[in-house]
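Coordinates from model-v5.tsv are shown below (TSV, C-alpha atoms).
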chain	number	residue	atom	x	y	z
A	29	MET	CA	69.80	111.81	171.78
A	30	LEU	CA	66.75	112.61	173.94
A	31	THR	CA	67.96	116.01	175.12
A	32	PRO	CA	66.54	118.03	172.16
A	33	LEU	CA	63.18	116.27	172.56
A	34	VAL	CA	63.03	116.98	176.31
A	35	VAL	CA	63.96	120.64	175.77
A	36	SER	CA	61.34	121.03	173.04
A	37	VAL	CA	58.55	119.53	175.17
A	38	CYS	CA	59.47	121.64	178.22
A	39	LEU	CA	59.52	124.85	176.20
A	40	ARG	CA	56.21	124.04	174.54
A	41	GLN	CA	54.50	123.16	177.83
A	42	GLN	CA	56.21	126.04	179.71
A	43	LEU	CA	57.89	123.65	182.17
A	44	PRO	CA	61.12	124.33	184.09
A	45	LEU	CA	64.03	122.78	182.24
A	46	LEU	CA	66.36	122.08	185.17
A	47	PRO	CA	64.45	119.18	186.83
A	48	TYR	CA	63.83	117.44	183.52
A	49	LEU	CA	67.45	117.75	182.42
A	50	LEU	CA	68.52	116.34	185.78
A	51	ALA	CA	66.07	113.47	185.33
A	52	LEU	CA	67.43	112.67	181.88
A	53	ALA	CA	71.08	112.67	182.97
A	54	THR	CA	70.75	110.89	186.32
A	55	CYS	CA	68.27	108.21	185.20
A	56	ALA	CA	70.42	107.44	182.15
A	57	ASN	CA	73.42	106.86	184.42
A	58	VAL	CA	71.55	104.71	186.93
A	59	GLY	CA	69.78	102.65	184.27
A	60	SER	CA	73.01	101.88	182.41
A	61	SER	CA	74.38	99.88	185.34
A	62	VAL	CA	72.09	96.86	184.90
A	63	THR	CA	73.84	95.22	181.91
A	64	PRO	CA	77.48	94.71	180.88
A	65	ILE	CA	76.90	96.75	177.70
A	66	GLY	CA	75.26	99.73	179.42
A	67	ASN	CA	78.48	101.75	179.71
A	68	PRO	CA	82.22	101.38	179.04
A	69	GLN	CA	83.22	100.49	182.60
A	70	ASN	CA	80.73	97.60	182.72
A	71	ILE	CA	82.18	96.22	179.49
A	72	ILE	CA	85.63	96.30	181.09
A	73	ILE	CA	84.31	94.58	184.22
A	74	ALA	CA	82.61	91.86	182.19
A	75	SER	CA	85.79	91.30	180.20
A	76	TYR	CA	88.04	90.95	183.26
A	77	SER	CA	85.63	89.09	185.56
A	78	GLN	CA	84.06	86.78	182.94
A	79	ILE	CA	80.65	87.39	184.51
A	80	THR	CA	77.97	86.55	181.97
A	81	PHE	CA	75.19	88.78	180.70
A	82	LEU	CA	72.54	86.86	182.64
A	83	ASP	CA	74.55	87.02	185.87
A	84	PHE	CA	74.79	90.81	185.49
A	85	LEU	CA	71.01	90.96	185.23
A	86	LYS	CA	70.61	88.64	188.22
A	87	TYR	CA	72.88	90.64	190.50
A	88	LEU	CA	72.03	94.21	189.45
A	89	THR	CA	68.37	94.27	188.37
A	90	ALA	CA	66.93	94.74	191.87
A	91	ALA	CA	69.46	97.42	192.77
A	92	THR	CA	68.98	99.32	189.51
A	93	VAL	CA	65.17	99.27	189.54
A	94	SER	CA	64.99	100.30	193.20
A	95	SER	CA	67.54	103.06	192.65
A	96	LEU	CA	65.58	104.38	189.67
A	97	ILE	CA	62.40	104.53	191.77
A	98	LEU	CA	64.25	106.39	194.53
A	99	ASN	CA	65.83	108.76	192.03
A	100	VAL	CA	62.43	109.57	190.49
A	101	ALA	CA	60.99	110.24	193.94
A	102	LEU	CA	63.86	112.60	194.74
A	103	LEU	CA	63.35	114.32	191.39
A	104	GLY	CA	59.66	114.82	192.21
A	105	SER	CA	60.57	116.47	195.50
A	106	PHE	CA	63.16	118.62	193.75
A	107	LEU	CA	60.60	119.70	191.14
A	108	PHE	CA	58.15	120.68	193.89
A	109	PHE	CA	60.66	122.92	195.65
A	110	HIS	CA	62.17	124.12	192.37
A	111	ARG	CA	58.88	125.66	191.30
A	112	LYS	CA	58.76	127.66	194.51
A	113	LEU	CA	62.39	128.68	194.85
A	114	TYR	CA	63.51	129.05	191.24
A	115	LYS	CA	60.56	130.50	189.39
A	116	LYS	CA	62.93	132.30	187.06
A	117	ASP	CA	63.77	128.96	185.43
A	118	THR	CA	60.18	128.39	184.33
A	119	HIS	CA	59.76	129.52	180.77
A	120	LEU	CA	56.62	131.69	181.05
A	121	PRO	CA	55.33	133.58	178.03
A	122	LEU	CA	56.70	137.06	177.68
A	123	VAL	CA	54.41	140.01	178.46
A	124	GLU	CA	53.65	142.01	175.36
A	125	GLU	CA	54.96	145.53	175.17
A	126	GLY	CA	52.41	148.06	176.39
A	127	SER	CA	50.39	145.55	178.39
A	128	VAL	CA	49.94	145.86	182.14
A	129	GLU	CA	50.79	142.91	184.36
A	130	MET	CA	48.32	142.55	187.27
A	131	SER	CA	48.51	140.47	190.41
A	132	PRO	CA	45.89	137.78	191.01
A	133	THR	CA	44.17	139.94	193.69
A	134	GLN	CA	44.08	143.11	191.60
A	135	LYS	CA	40.81	143.84	189.82
A	136	PRO	CA	40.80	145.33	186.35
A	137	GLU	CA	39.74	148.95	186.18
A	138	GLU	CA	36.37	149.59	184.60
A	139	PRO	CA	36.54	151.94	181.63
A	140	SER	CA	34.96	155.37	182.11
A	141	VAL	CA	32.08	156.16	179.75
A	142	SER	CA	31.27	159.75	178.82
A	143	PRO	CA	27.62	160.80	178.46
A	144	SER	CA	28.09	161.47	174.78
A	145	ALA	CA	29.62	158.02	174.21
A	146	ALA	CA	26.86	156.33	176.18
A	147	THR	CA	24.21	157.48	173.66
A	148	PRO	CA	24.34	155.23	170.60
A	149	GLU	CA	24.52	156.91	167.22
A	150	PRO	CA	21.68	156.23	164.80
A	151	PHE	CA	22.37	153.64	162.13
A	152	SER	CA	23.18	155.10	158.76
A	153	MET	CA	23.48	153.29	155.46
A	154	ALA	CA	25.71	156.04	154.22
A	155	LYS	CA	28.61	155.05	156.47
A	156	GLU	CA	31.51	153.66	154.56
A	157	THR	CA	32.67	150.12	155.28
A	158	PRO	CA	36.19	148.93	154.45
A	159	PRO	CA	36.41	146.65	151.44
A	160	LEU	CA	37.16	142.97	151.98
A	161	GLU	CA	40.39	141.48	150.69
A	162	GLY	CA	40.12	139.67	147.41
A	163	THR	CA	36.80	141.39	146.50
A	164	LEU	CA	35.83	144.24	144.16
A	165	LYS	CA	36.38	147.71	145.57
A	166	GLN	CA	33.69	150.38	145.27
A	167	PRO	CA	34.24	152.39	142.10
A	168	SER	CA	34.89	156.10	142.25
A	169	ASP	CA	34.56	158.81	139.65
A	170	ASP	CA	38.18	158.78	138.52
A	171	LEU	CA	39.51	155.28	139.45
A	172	PRO	CA	38.92	152.05	137.53
A	173	ILE	CA	37.67	148.87	139.13
A	174	THR	CA	40.61	146.83	140.51
A	175	VAL	CA	40.82	143.35	142.01
A	176	GLU	CA	43.41	142.62	144.69
A	177	PRO	CA	45.40	139.45	143.88
A	178	SER	CA	45.11	136.50	146.26
A	179	PRO	CA	48.30	135.31	147.96
A	180	PRO	CA	50.06	132.54	146.07
A	181	GLN	CA	49.41	129.04	147.35
A	182	ILE	CA	52.41	126.83	148.07
A	183	GLN	CA	52.08	123.50	146.37
A	184	PRO	CA	53.32	120.50	148.41
A	185	GLY	CA	56.43	118.85	147.07
A	186	PRO	CA	56.50	115.32	145.75
A	187	GLY	CA	56.42	112.59	148.37
A	188	PRO	CA	59.00	109.83	148.77
A	189	THR	CA	59.32	107.46	145.89
A	190	ARG	CA	58.35	103.81	146.11
A	191	LYS	CA	62.02	102.84	145.98
A	192	ALA	CA	62.86	105.08	148.97
A	193	ILE	CA	59.97	103.60	150.96
A	194	TYR	CA	61.16	100.03	150.25
A	195	GLN	CA	64.74	100.95	151.19
A	196	SER	CA	63.62	102.48	154.49
A	197	ARG	CA	61.55	99.42	155.36
A	198	ALA	CA	64.41	97.08	154.47
A	199	LEU	CA	66.80	99.02	156.71
A	200	LYS	CA	64.36	98.90	159.66
A	201	ILE	CA	63.93	95.15	159.26
A	202	LEU	CA	67.71	94.72	159.09
A	203	ILE	CA	68.23	96.77	162.28
A	204	VAL	CA	65.67	94.72	164.22
A	205	PHE	CA	67.19	91.46	162.97
A	206	ILE	CA	70.76	92.48	163.88
A	207	VAL	CA	69.70	93.67	167.36
A	208	LEU	CA	67.97	90.34	168.01
A	209	VAL	CA	71.05	88.41	166.84
A	210	ILE	CA	73.34	90.53	169.05
A	211	MET	CA	71.11	90.00	172.10
A	212	ALA	CA	71.06	86.25	171.40
A	213	GLY	CA	74.86	86.31	171.26
A	214	PHE	CA	75.03	88.14	174.60
A	215	LEU	CA	72.64	85.73	176.29
A	216	SER	CA	74.47	82.69	174.92
A	217	GLY	CA	77.77	83.85	176.45
A	218	LEU	CA	79.64	85.03	173.36
A	219	ASP	CA	82.41	87.59	173.73
A	220	LEU	CA	80.89	91.06	174.14
A	221	GLY	CA	83.48	92.90	172.08
A	222	TRP	CA	83.48	90.62	169.08
A	223	THR	CA	79.69	90.37	169.12
A	224	CYS	CA	79.31	94.15	169.02
A	225	ILE	CA	81.91	94.49	166.26
A	226	ALA	CA	80.20	91.81	164.17
A	227	GLY	CA	76.80	93.45	164.59
A	228	ALA	CA	78.10	96.92	163.71
A	229	SER	CA	79.94	95.59	160.65
A	230	ALA	CA	76.83	93.77	159.42
A	231	LEU	CA	74.76	96.94	159.85
A	232	ILE	CA	77.28	99.07	157.92
A	233	ILE	CA	77.48	96.53	155.08
A	234	GLY	CA	73.69	96.19	154.96
A	235	ASP	CA	73.23	99.97	154.84
A	236	ALA	CA	75.73	100.21	151.97
A	237	VAL	CA	73.99	97.44	150.01
A	238	ILE	CA	70.44	98.76	150.53
A	239	PHE	CA	71.19	102.39	149.67
A	240	ARG	CA	74.03	101.67	147.20
A	241	ARG	CA	76.47	103.78	149.21
A	242	ASP	CA	80.25	103.76	149.03
A	243	ALA	CA	82.55	103.49	152.03
A	244	TYR	CA	83.60	107.13	151.83
A	245	GLU	CA	79.99	108.13	152.64
A	246	ILE	CA	79.85	105.94	155.77
A	247	LEU	CA	83.30	106.15	157.37
A	248	PRO	CA	83.21	109.95	157.97
A	249	LYS	CA	80.24	109.37	160.30
A	250	VAL	CA	82.46	107.41	162.71
A	251	ASP	CA	83.46	109.45	165.78
A	252	TRP	CA	87.22	109.10	165.29
A	253	LEU	CA	88.03	111.64	168.02
A	254	LEU	CA	86.19	109.52	170.58
A	255	LEU	CA	88.07	106.41	169.48
A	256	LEU	CA	91.36	108.30	169.68
A	257	PHE	CA	90.43	109.56	173.15
A	258	PHE	CA	89.83	106.05	174.49
A	259	ALA	CA	92.97	104.70	172.80
A	260	GLY	CA	95.06	107.42	174.43
A	261	LEU	CA	93.31	106.78	177.75
A	262	PHE	CA	94.25	103.09	177.66
A	263	VAL	CA	97.89	103.97	176.93
A	264	ILE	CA	98.03	106.41	179.87
A	265	ILE	CA	96.38	103.95	182.26
A	266	ARG	CA	98.81	101.23	181.24
A	267	GLY	CA	101.72	103.56	181.96
A	268	VAL	CA	100.31	104.41	185.40
A	269	PHE	CA	99.79	100.72	186.14
A	270	ASN	CA	103.37	99.86	185.16
A	271	SER	CA	104.67	102.53	187.56
A	272	GLY	CA	103.81	100.27	190.52
A	273	TYR	CA	101.80	102.85	192.47
A	274	PRO	CA	98.40	101.17	191.96
A	275	LEU	CA	99.77	97.89	193.32
A	276	MET	CA	101.23	99.65	196.35
A	277	LEU	CA	97.95	101.43	197.09
A	278	PHE	CA	95.96	98.23	196.68
A	279	ASN	CA	98.17	96.34	199.11
A	280	LEU	CA	97.61	99.10	201.67
A	281	ALA	CA	93.82	99.18	201.21
A	282	ALA	CA	93.16	95.46	200.72
A	283	PRO	CA	92.88	94.60	204.46
A	284	TYR	CA	90.08	97.19	204.79
A	285	MET	CA	88.17	96.07	201.67
A	286	GLN	CA	87.42	92.41	202.27
A	287	LEU	CA	83.71	93.20	201.88
A	288	ASP	CA	82.63	90.89	204.70
A	289	THR	CA	81.49	93.64	207.08
A	290	ALA	CA	79.32	96.73	206.72
A	291	LEU	CA	82.32	98.96	207.46
A	292	SER	CA	84.50	97.41	204.76
A	293	ILE	CA	81.68	97.70	202.20
A	294	ALA	CA	81.17	101.36	203.12
A	295	ILE	CA	84.91	102.07	202.76
A	296	TYR	CA	84.99	100.30	199.40
A	297	CYS	CA	81.97	102.23	198.07
A	298	ALA	CA	83.34	105.55	199.36
A	299	PHE	CA	86.64	104.85	197.61
A	300	LEU	CA	84.84	104.07	194.34
A	301	LEU	CA	82.75	107.25	194.61
A	302	ALA	CA	85.78	109.45	195.23
A	303	ALA	CA	88.03	107.81	192.63
A	304	SER	CA	85.33	107.82	189.95
A	305	ASN	CA	84.90	111.58	190.33
A	306	VAL	CA	88.59	112.41	190.60
A	307	LEU	CA	89.97	110.03	187.94
A	308	SER	CA	86.64	109.30	186.14
A	309	ASN	CA	84.95	105.92	186.30
A	310	VAL	CA	86.61	104.24	183.30
A	311	PRO	CA	90.22	104.89	184.47
A	312	THR	CA	89.26	103.82	188.00
A	313	ILE	CA	87.92	100.47	186.79
A	314	LEU	CA	90.91	99.97	184.50
A	315	LEU	CA	93.28	100.44	187.44
A	316	LEU	CA	91.28	98.24	189.84
A	317	SER	CA	90.39	95.40	187.48
A	318	PRO	CA	93.69	93.47	187.76
A	319	PHE	CA	93.32	93.35	191.58
A	320	LEU	CA	89.61	92.78	192.27
A	321	SER	CA	89.79	89.06	191.48
A	322	GLN	CA	92.26	88.68	194.38
A	323	LEU	CA	89.63	89.65	196.95
A	324	THR	CA	87.83	86.91	198.86
A	325	LEU	CA	84.37	87.96	197.71
A	326	SER	CA	85.36	88.81	194.16
A	327	THR	CA	81.84	88.61	192.66
A	328	ARG	CA	80.59	91.11	195.24
A	329	ALA	CA	83.56	93.34	194.52
A	330	TRP	CA	82.91	93.28	190.76
A	331	MET	CA	79.18	93.97	191.05
A	332	LEU	CA	79.66	96.77	193.59
A	333	ALA	CA	82.29	98.28	191.31
A	334	ALA	CA	79.89	98.11	188.34
A	335	PHE	CA	77.03	99.75	190.21
A	336	VAL	CA	78.85	102.32	192.33
A	337	SER	CA	81.23	103.53	189.62
A	338	THR	CA	78.25	104.09	187.31
A	339	VAL	CA	76.06	105.88	189.86
A	340	ALA	CA	79.07	107.96	190.94
A	341	GLY	CA	78.72	109.84	187.66
A	342	ASN	CA	75.63	111.55	189.11
A	343	LEU	CA	77.60	113.25	191.90
A	344	THR	CA	78.73	116.25	189.82
A	345	LEU	CA	78.07	117.66	186.37
A	346	VAL	CA	81.45	116.47	185.07
A	347	GLY	CA	81.15	113.03	186.67
A	348	SER	CA	79.97	111.27	183.53
A	349	VAL	CA	79.85	111.74	179.78
A	350	ALA	CA	76.03	111.59	179.85
A	351	ASN	CA	75.88	114.69	182.07
A	352	ILE	CA	78.19	116.64	179.78
A	353	ILE	CA	76.19	115.64	176.69
A	354	VAL	CA	72.93	116.79	178.30
A	355	ALA	CA	74.50	120.11	179.33
A	356	GLU	CA	75.96	120.76	175.87
A	357	HIS	CA	72.82	119.87	173.90
A	358	SER	CA	70.59	122.03	176.12
A	359	GLU	CA	72.94	125.03	175.96
A	360	PRO	CA	70.99	127.10	173.38
A	361	HIS	CA	67.96	127.14	175.70
A	362	TYR	CA	69.31	126.56	179.22
A	363	HIS	CA	72.72	127.01	180.82
A	364	LEU	CA	73.22	123.99	183.10
A	365	THR	CA	76.14	124.85	185.36
A	366	PHE	CA	78.15	122.91	187.91
A	367	PHE	CA	76.46	124.59	190.89
A	368	LYS	CA	72.95	124.24	189.47
A	369	TYR	CA	73.52	120.50	189.16
A	370	LEU	CA	75.26	119.95	192.51
A	371	PRO	CA	72.32	120.60	194.94
A	372	PHE	CA	70.49	117.60	193.50
A	373	GLY	CA	73.36	115.47	192.25
A	374	PHE	CA	75.31	115.27	195.52
A	375	PRO	CA	72.59	114.13	197.99
A	376	SER	CA	70.76	111.94	195.46
A	377	THR	CA	73.96	110.08	194.57
A	378	LEU	CA	74.71	109.32	198.22
A	379	LEU	CA	71.17	108.02	198.86
A	380	VAL	CA	71.00	105.98	195.65
A	381	THR	CA	74.46	104.51	196.28
A	382	ALA	CA	73.52	103.47	199.81
A	383	LEU	CA	70.33	101.75	198.65
A	384	GLY	CA	71.85	100.06	195.61
A	385	ALA	CA	75.00	98.88	197.40
A	386	THR	CA	72.86	97.32	200.13
A	387	LEU	CA	70.79	95.37	197.60
A	388	VAL	CA	73.87	94.26	195.64
A	389	THR	CA	75.43	93.02	198.87
A	390	LEU	CA	72.33	91.00	199.73
A	391	VAL	CA	72.21	89.17	196.37
A	392	THR	CA	75.96	88.47	196.13

Is it possible to give me this structure as C-alpha cells?
Amino acid sequence: MLTPLVVSVCLRQQLPLLPYLLALATCANVGSSVTPIGNPQNIIIASYSQITFLDFLKYLTAATVSSLILNVALLGSFLFFHRKLYKKDTHLPLVEEGSVEMSPTQKPEEPSVSPSAATPEPFSMAKETPPLEGTLKQPSDDLPITVEPSPPQIQPGPGPTRKAIYQSRALKILIVFIVLVIMAGFLSGLDLGWTCIAGASALIIGDAVIFRRDAYEILPKVDWLLLLFFAGLFVIIRGVFNSGYPLMLFNLAAPYMQLDTALSIAIYCAFLLAASNVLSNVPTILLLSPFLSQLTLSTRAWMLAAFVSTVAGNLTLVGSVANIIVAEHSEPHYHLTFFKYLPFGFPSTLLVTALGATLVTLVT
C-alpha cells in the first residue's frame, strides 16, 4: 500500500529508490513480528500455542523495537555507500538536448564580443515591437483590426454533495469503532480468527447499509485467488504431515533443540532461517506447530519461531510476500532484482536475527 507513495516521493525529491524500497520491505517484515495478527505465521502460532495477545507483546516488543533500530542503522549505512557506488540508481534530471554538461571544476567560457557588437545601437522609436497576446494588433493598409481570442478557461466541476460527505464521515466513524472493538476483543483473550471474521463482516454490512450497495458490488473485491492459494497450501501441508517425514525429522533434531544452551538456540534459529526460505515461513510453522509444545521450553520455542520465521523473510527477495509486493508495485519505475536485494538482505537478516533471538531468549 505504501510502495506507490514511497516511489512518488523518491522520484520527486530525486532520491535513490533502492534503499527506500529495502527499508519499506524489511521494516514491514520486522515490525509484523510483535503481535499475533501481524502476519499469517503468527496467527498460526497463537492458535496452536494459546499464547495471548498481551503475552505476545510482552515477549516480542523489546526484540522487535531493537531489531527495527538496528535495521534502520544498517539502512543508513547502506544508503551512504549506495550513493557512492551506485550513482546510476539516483534519478537525476535529464540533460536537455543541445546543452553542455560541465564538471564542477570547469569554468564556463566567456562569450566573445566583436567590436561592432560592443557599440550599442542608438534607440529608435521606429523599431517594430511584437504585439502582445490578447491585445489589438497594429493596423496595416490592407488588413482589418483583429483581436486574438483568449484561451478558454476550464470551469471546476461540482464538489461532493452533502449526502456523499455524510456517508464518508459515517464510514470513517464505523471503521474506527470496529477497529477499537476488534482490539478490545484481542486484549480480552477472544479467539483471533472469529474476532477478525466478525469485524470484517460488520464492516462489509455497514458499508452496504451506508452506501446502499448490493452484495454483488462488494464480493468481487475479495481476493479469491489468495484465499484459494492458502486453502491449497493447507491441504498440501496436511498431506506432507500425514506422510510421517516431519515426525521422523523432528525426532532426530529434538535432542539438539532443547533451547537450554546457546548452541541449541543457534541451531534452532539457523533451522528456522533455512526452512523459512526453502519452504516459506507459513509452511514451516504449519509443519512445526504440532511438535513445538513437546519441547521443554515451549514458550521460548514458540516466541523464537514467531520472531525468526518472520525476520527470515528479509534474507532474499522471494523470502516473504511483502518483498514481492514491493518489487511488483515499484516495477514501472525501478527493477528490484534478486541480486540487488541480496547484498543488504543477507547480512542484515543475520545481524537482526542474532540480536532479536538473544532478547527473546532473555525474556522467556

With distances taken over only C-alpha atoms, which of A:Pro283, A:Gly217, A:Pro47, A:Pro32 is nearest to Lys368 of chain A?
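Smallest separation from Lys368 of chain A among the options: A:Pro47.
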
Neighbour residues at most 12 Å from (82.0, 98.4, 167.8) (all atoms listed in the file) as JSON, numbers by chain
{"A": [65, 68, 71, 210, 220, 221, 222, 223, 224, 225, 226, 227, 228, 229, 230, 231, 232, 250, 251, 255]}

Grab the atom CA of Pro64 of chain A to atom CA of Ser358 of chain A distance for me, in Å with one decimal place.
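Going from atom CA of Pro64 of chain A over to atom CA of Ser358 of chain A covers 28.6 Å.
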
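In this model, the gap between atom CA of Pro375 of chain A and atom CA of Met331 of chain A comes to 22.3 Å.
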
Please, which residues are within 12 Å of (61.9, 115.9, 173.8) by the file's coordinates, counting all atoms listed in the file, and could they come as a short mmCIF file (atom, residue, chain, number, x, y, z; two decimals) with C-alpha atoms, in the frame of the given file?
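So the final result, stored in part_15.cif, reads:
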data_model
loop_
_atom_site.label_atom_id
_atom_site.label_comp_id
_atom_site.auth_asym_id
_atom_site.auth_seq_id
_atom_site.Cartn_x
_atom_site.Cartn_y
_atom_site.Cartn_z
CA MET A 29 69.80 111.81 171.78
CA LEU A 30 66.75 112.61 173.94
CA THR A 31 67.96 116.01 175.12
CA PRO A 32 66.54 118.03 172.16
CA LEU A 33 63.18 116.27 172.56
CA VAL A 34 63.03 116.98 176.31
CA VAL A 35 63.96 120.64 175.77
CA SER A 36 61.34 121.03 173.04
CA VAL A 37 58.55 119.53 175.17
CA CYS A 38 59.47 121.64 178.22
CA LEU A 39 59.52 124.85 176.20
CA ARG A 40 56.21 124.04 174.54
CA GLN A 41 54.50 123.16 177.83
CA LEU A 45 64.03 122.78 182.24
CA TYR A 48 63.83 117.44 183.52
CA LEU A 49 67.45 117.75 182.42
CA LEU A 52 67.43 112.67 181.88
CA VAL A 354 72.93 116.79 178.30
CA HIS A 357 72.82 119.87 173.90
CA SER A 358 70.59 122.03 176.12
#

Hey, which of A:Phe299, A:Phe278, A:Phe335, A:Trp252 ends up closest to Ser60 of chain A? Count only C-alpha atoms.
A:Phe335

I'd like the interatomic distance between atom CA of Phe205 of chain A and atom CA of Thr92 of chain A, to a tenth of an Å.
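Interatomic distance, atom CA of Phe205 of chain A to atom CA of Thr92 of chain A: 27.7 Å.
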
What's around Asn70 of chain A at 9 Å? Count all atoms listed in the file, leave out sequence neighbours fewer than 3 positions away in its own chain, and write the answer as a PDB file with C-alpha atoms, in the frame of the given file.
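File result.pdb, as written:
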ATOM      1  CA  SER A  60      73.010 101.880 182.410  1.00  0.00           C
ATOM      2  CA  SER A  61      74.380  99.880 185.340  1.00  0.00           C
ATOM      3  CA  VAL A  62      72.090  96.860 184.900  1.00  0.00           C
ATOM      4  CA  THR A  63      73.840  95.220 181.910  1.00  0.00           C
ATOM      5  CA  PRO A  64      77.480  94.710 180.880  1.00  0.00           C
ATOM      6  CA  ILE A  65      76.900  96.750 177.700  1.00  0.00           C
ATOM      7  CA  GLY A  66      75.260  99.730 179.420  1.00  0.00           C
ATOM      8  CA  ASN A  67      78.480 101.750 179.710  1.00  0.00           C
ATOM      9  CA  ILE A  73      84.310  94.580 184.220  1.00  0.00           C
ATOM     10  CA  ALA A  74      82.610  91.860 182.190  1.00  0.00           C
ATOM     11  CA  SER A  75      85.790  91.300 180.200  1.00  0.00           C
ATOM     12  CA  VAL A 310      86.610 104.240 183.300  1.00  0.00           C
ATOM     13  CA  ILE A 313      87.920 100.470 186.790  1.00  0.00           C
ATOM     14  CA  ALA A 333      82.290  98.280 191.310  1.00  0.00           C
ATOM     15  CA  ALA A 334      79.890  98.110 188.340  1.00  0.00           C
ATOM     16  CA  PHE A 335      77.030  99.750 190.210  1.00  0.00           C
ATOM     17  CA  THR A 338      78.250 104.090 187.310  1.00  0.00           C
TER      18      THR A 338
END

With distances taken over all atoms listed in the file, which residue among A:Ala355, A:Leu378, A:Leu275, A:Leu82 lies nearest Met211 of chain A?
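For Met211 of chain A, the nearest of the candidates is A:Leu82.
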
Fill-in result for segment 252-258 of chain A, all heavy atoms as a PDB file, in the frame of the given file:
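Listed below is the output, result19.pdb:
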ATOM      1  N   TRP A 252      85.814 109.476 165.160  1.00  0.00           N
ATOM      2  CA  TRP A 252      87.220 109.100 165.290  1.00  0.00           C
ATOM      3  C   TRP A 252      87.873 109.770 166.490  1.00  0.00           C
ATOM      4  O   TRP A 252      88.776 109.189 167.111  1.00  0.00           O
ATOM      5  CB  TRP A 252      87.965 109.475 164.010  1.00  0.00           C
ATOM      6  CG  TRP A 252      87.448 108.770 162.800  1.00  0.00           C
ATOM      7  CD1 TRP A 252      86.699 109.297 161.795  1.00  0.00           C
ATOM      8  CD2 TRP A 252      87.623 107.382 162.472  1.00  0.00           C
ATOM      9  NE1 TRP A 252      86.384 108.337 160.864  1.00  0.00           N
ATOM     10  CE2 TRP A 252      86.944 107.148 161.247  1.00  0.00           C
ATOM     11  CE3 TRP A 252      88.276 106.320 163.093  1.00  0.00           C
ATOM     12  CZ2 TRP A 252      86.910 105.906 160.643  1.00  0.00           C
ATOM     13  CZ3 TRP A 252      88.236 105.076 162.475  1.00  0.00           C
ATOM     14  CH2 TRP A 252      87.568 104.879 161.278  1.00  0.00           C
ATOM     15  N   LEU A 253      87.447 110.966 166.858  1.00  0.00           N
ATOM     16  CA  LEU A 253      88.030 111.640 168.020  1.00  0.00           C
ATOM     17  C   LEU A 253      87.740 110.869 169.306  1.00  0.00           C
ATOM     18  O   LEU A 253      88.598 110.776 170.192  1.00  0.00           O
ATOM     19  CB  LEU A 253      87.502 113.067 168.118  1.00  0.00           C
ATOM     20  CG  LEU A 253      87.980 114.042 167.035  1.00  0.00           C
ATOM     21  CD1 LEU A 253      87.339 115.411 167.239  1.00  0.00           C
ATOM     22  CD2 LEU A 253      89.499 114.160 167.066  1.00  0.00           C
ATOM     23  N   LEU A 254      86.523 110.316 169.399  1.00  0.00           N
ATOM     24  CA  LEU A 254      86.190 109.520 170.580  1.00  0.00           C
ATOM     25  C   LEU A 254      87.034 108.261 170.641  1.00  0.00           C
ATOM     26  O   LEU A 254      87.526 107.877 171.723  1.00  0.00           O
ATOM     27  CB  LEU A 254      84.699 109.177 170.567  1.00  0.00           C
ATOM     28  CG  LEU A 254      84.184 108.372 171.753  1.00  0.00           C
ATOM     29  CD1 LEU A 254      84.343 109.165 173.038  1.00  0.00           C
ATOM     30  CD2 LEU A 254      82.720 107.976 171.538  1.00  0.00           C
ATOM     31  N   LEU A 255      87.227 107.598 169.507  1.00  0.00           N
ATOM     32  CA  LEU A 255      88.070 106.410 169.480  1.00  0.00           C
ATOM     33  C   LEU A 255      89.520 106.750 169.847  1.00  0.00           C
ATOM     34  O   LEU A 255      90.183 106.001 170.580  1.00  0.00           O
ATOM     35  CB  LEU A 255      88.023 105.761 168.095  1.00  0.00           C
ATOM     36  CG  LEU A 255      86.659 105.209 167.657  1.00  0.00           C
ATOM     37  CD1 LEU A 255      86.745 104.640 166.247  1.00  0.00           C
ATOM     38  CD2 LEU A 255      86.162 104.151 168.628  1.00  0.00           C
ATOM     39  N   LEU A 256      90.001 107.881 169.342  1.00  0.00           N
ATOM     40  CA  LEU A 256      91.360 108.300 169.680  1.00  0.00           C
ATOM     41  C   LEU A 256      91.478 108.645 171.163  1.00  0.00           C
ATOM     42  O   LEU A 256      92.500 108.348 171.804  1.00  0.00           O
ATOM     43  CB  LEU A 256      91.742 109.508 168.825  1.00  0.00           C
ATOM     44  CG  LEU A 256      93.158 110.064 169.020  1.00  0.00           C
ATOM     45  CD1 LEU A 256      94.195 109.007 168.660  1.00  0.00           C
ATOM     46  CD2 LEU A 256      93.353 111.318 168.179  1.00  0.00           C
ATOM     47  N   PHE A 257      90.421 109.238 171.723  1.00  0.00           N
ATOM     48  CA  PHE A 257      90.430 109.560 173.150  1.00  0.00           C
ATOM     49  C   PHE A 257      90.569 108.299 174.002  1.00  0.00           C
ATOM     50  O   PHE A 257      91.387 108.237 174.928  1.00  0.00           O
ATOM     51  CB  PHE A 257      89.142 110.310 173.509  1.00  0.00           C
ATOM     52  CG  PHE A 257      88.869 110.400 174.979  1.00  0.00           C
ATOM     53  CD1 PHE A 257      89.558 111.308 175.767  1.00  0.00           C
ATOM     54  CD2 PHE A 257      87.929 109.583 175.587  1.00  0.00           C
ATOM     55  CE1 PHE A 257      89.316 111.390 177.130  1.00  0.00           C
ATOM     56  CE2 PHE A 257      87.676 109.650 176.932  1.00  0.00           C
ATOM     57  CZ  PHE A 257      88.376 110.566 177.722  1.00  0.00           C
ATOM     58  N   PHE A 258      89.766 107.270 173.697  1.00  0.00           N
ATOM     59  CA  PHE A 258      89.830 106.050 174.490  1.00  0.00           C
ATOM     60  C   PHE A 258      91.154 105.310 174.257  1.00  0.00           C
ATOM     61  O   PHE A 258      91.701 104.701 175.193  1.00  0.00           O
ATOM     62  CB  PHE A 258      88.652 105.140 174.157  1.00  0.00           C
ATOM     63  CG  PHE A 258      87.406 105.475 174.920  1.00  0.00           C
ATOM     64  CD1 PHE A 258      86.366 106.154 174.321  1.00  0.00           C
ATOM     65  CD2 PHE A 258      87.276 105.122 176.250  1.00  0.00           C
ATOM     66  CE1 PHE A 258      85.219 106.472 175.021  1.00  0.00           C
ATOM     67  CE2 PHE A 258      86.137 105.435 176.973  1.00  0.00           C
ATOM     68  CZ  PHE A 258      85.097 106.114 176.347  1.00  0.00           C
TER      69      PHE A 258
END
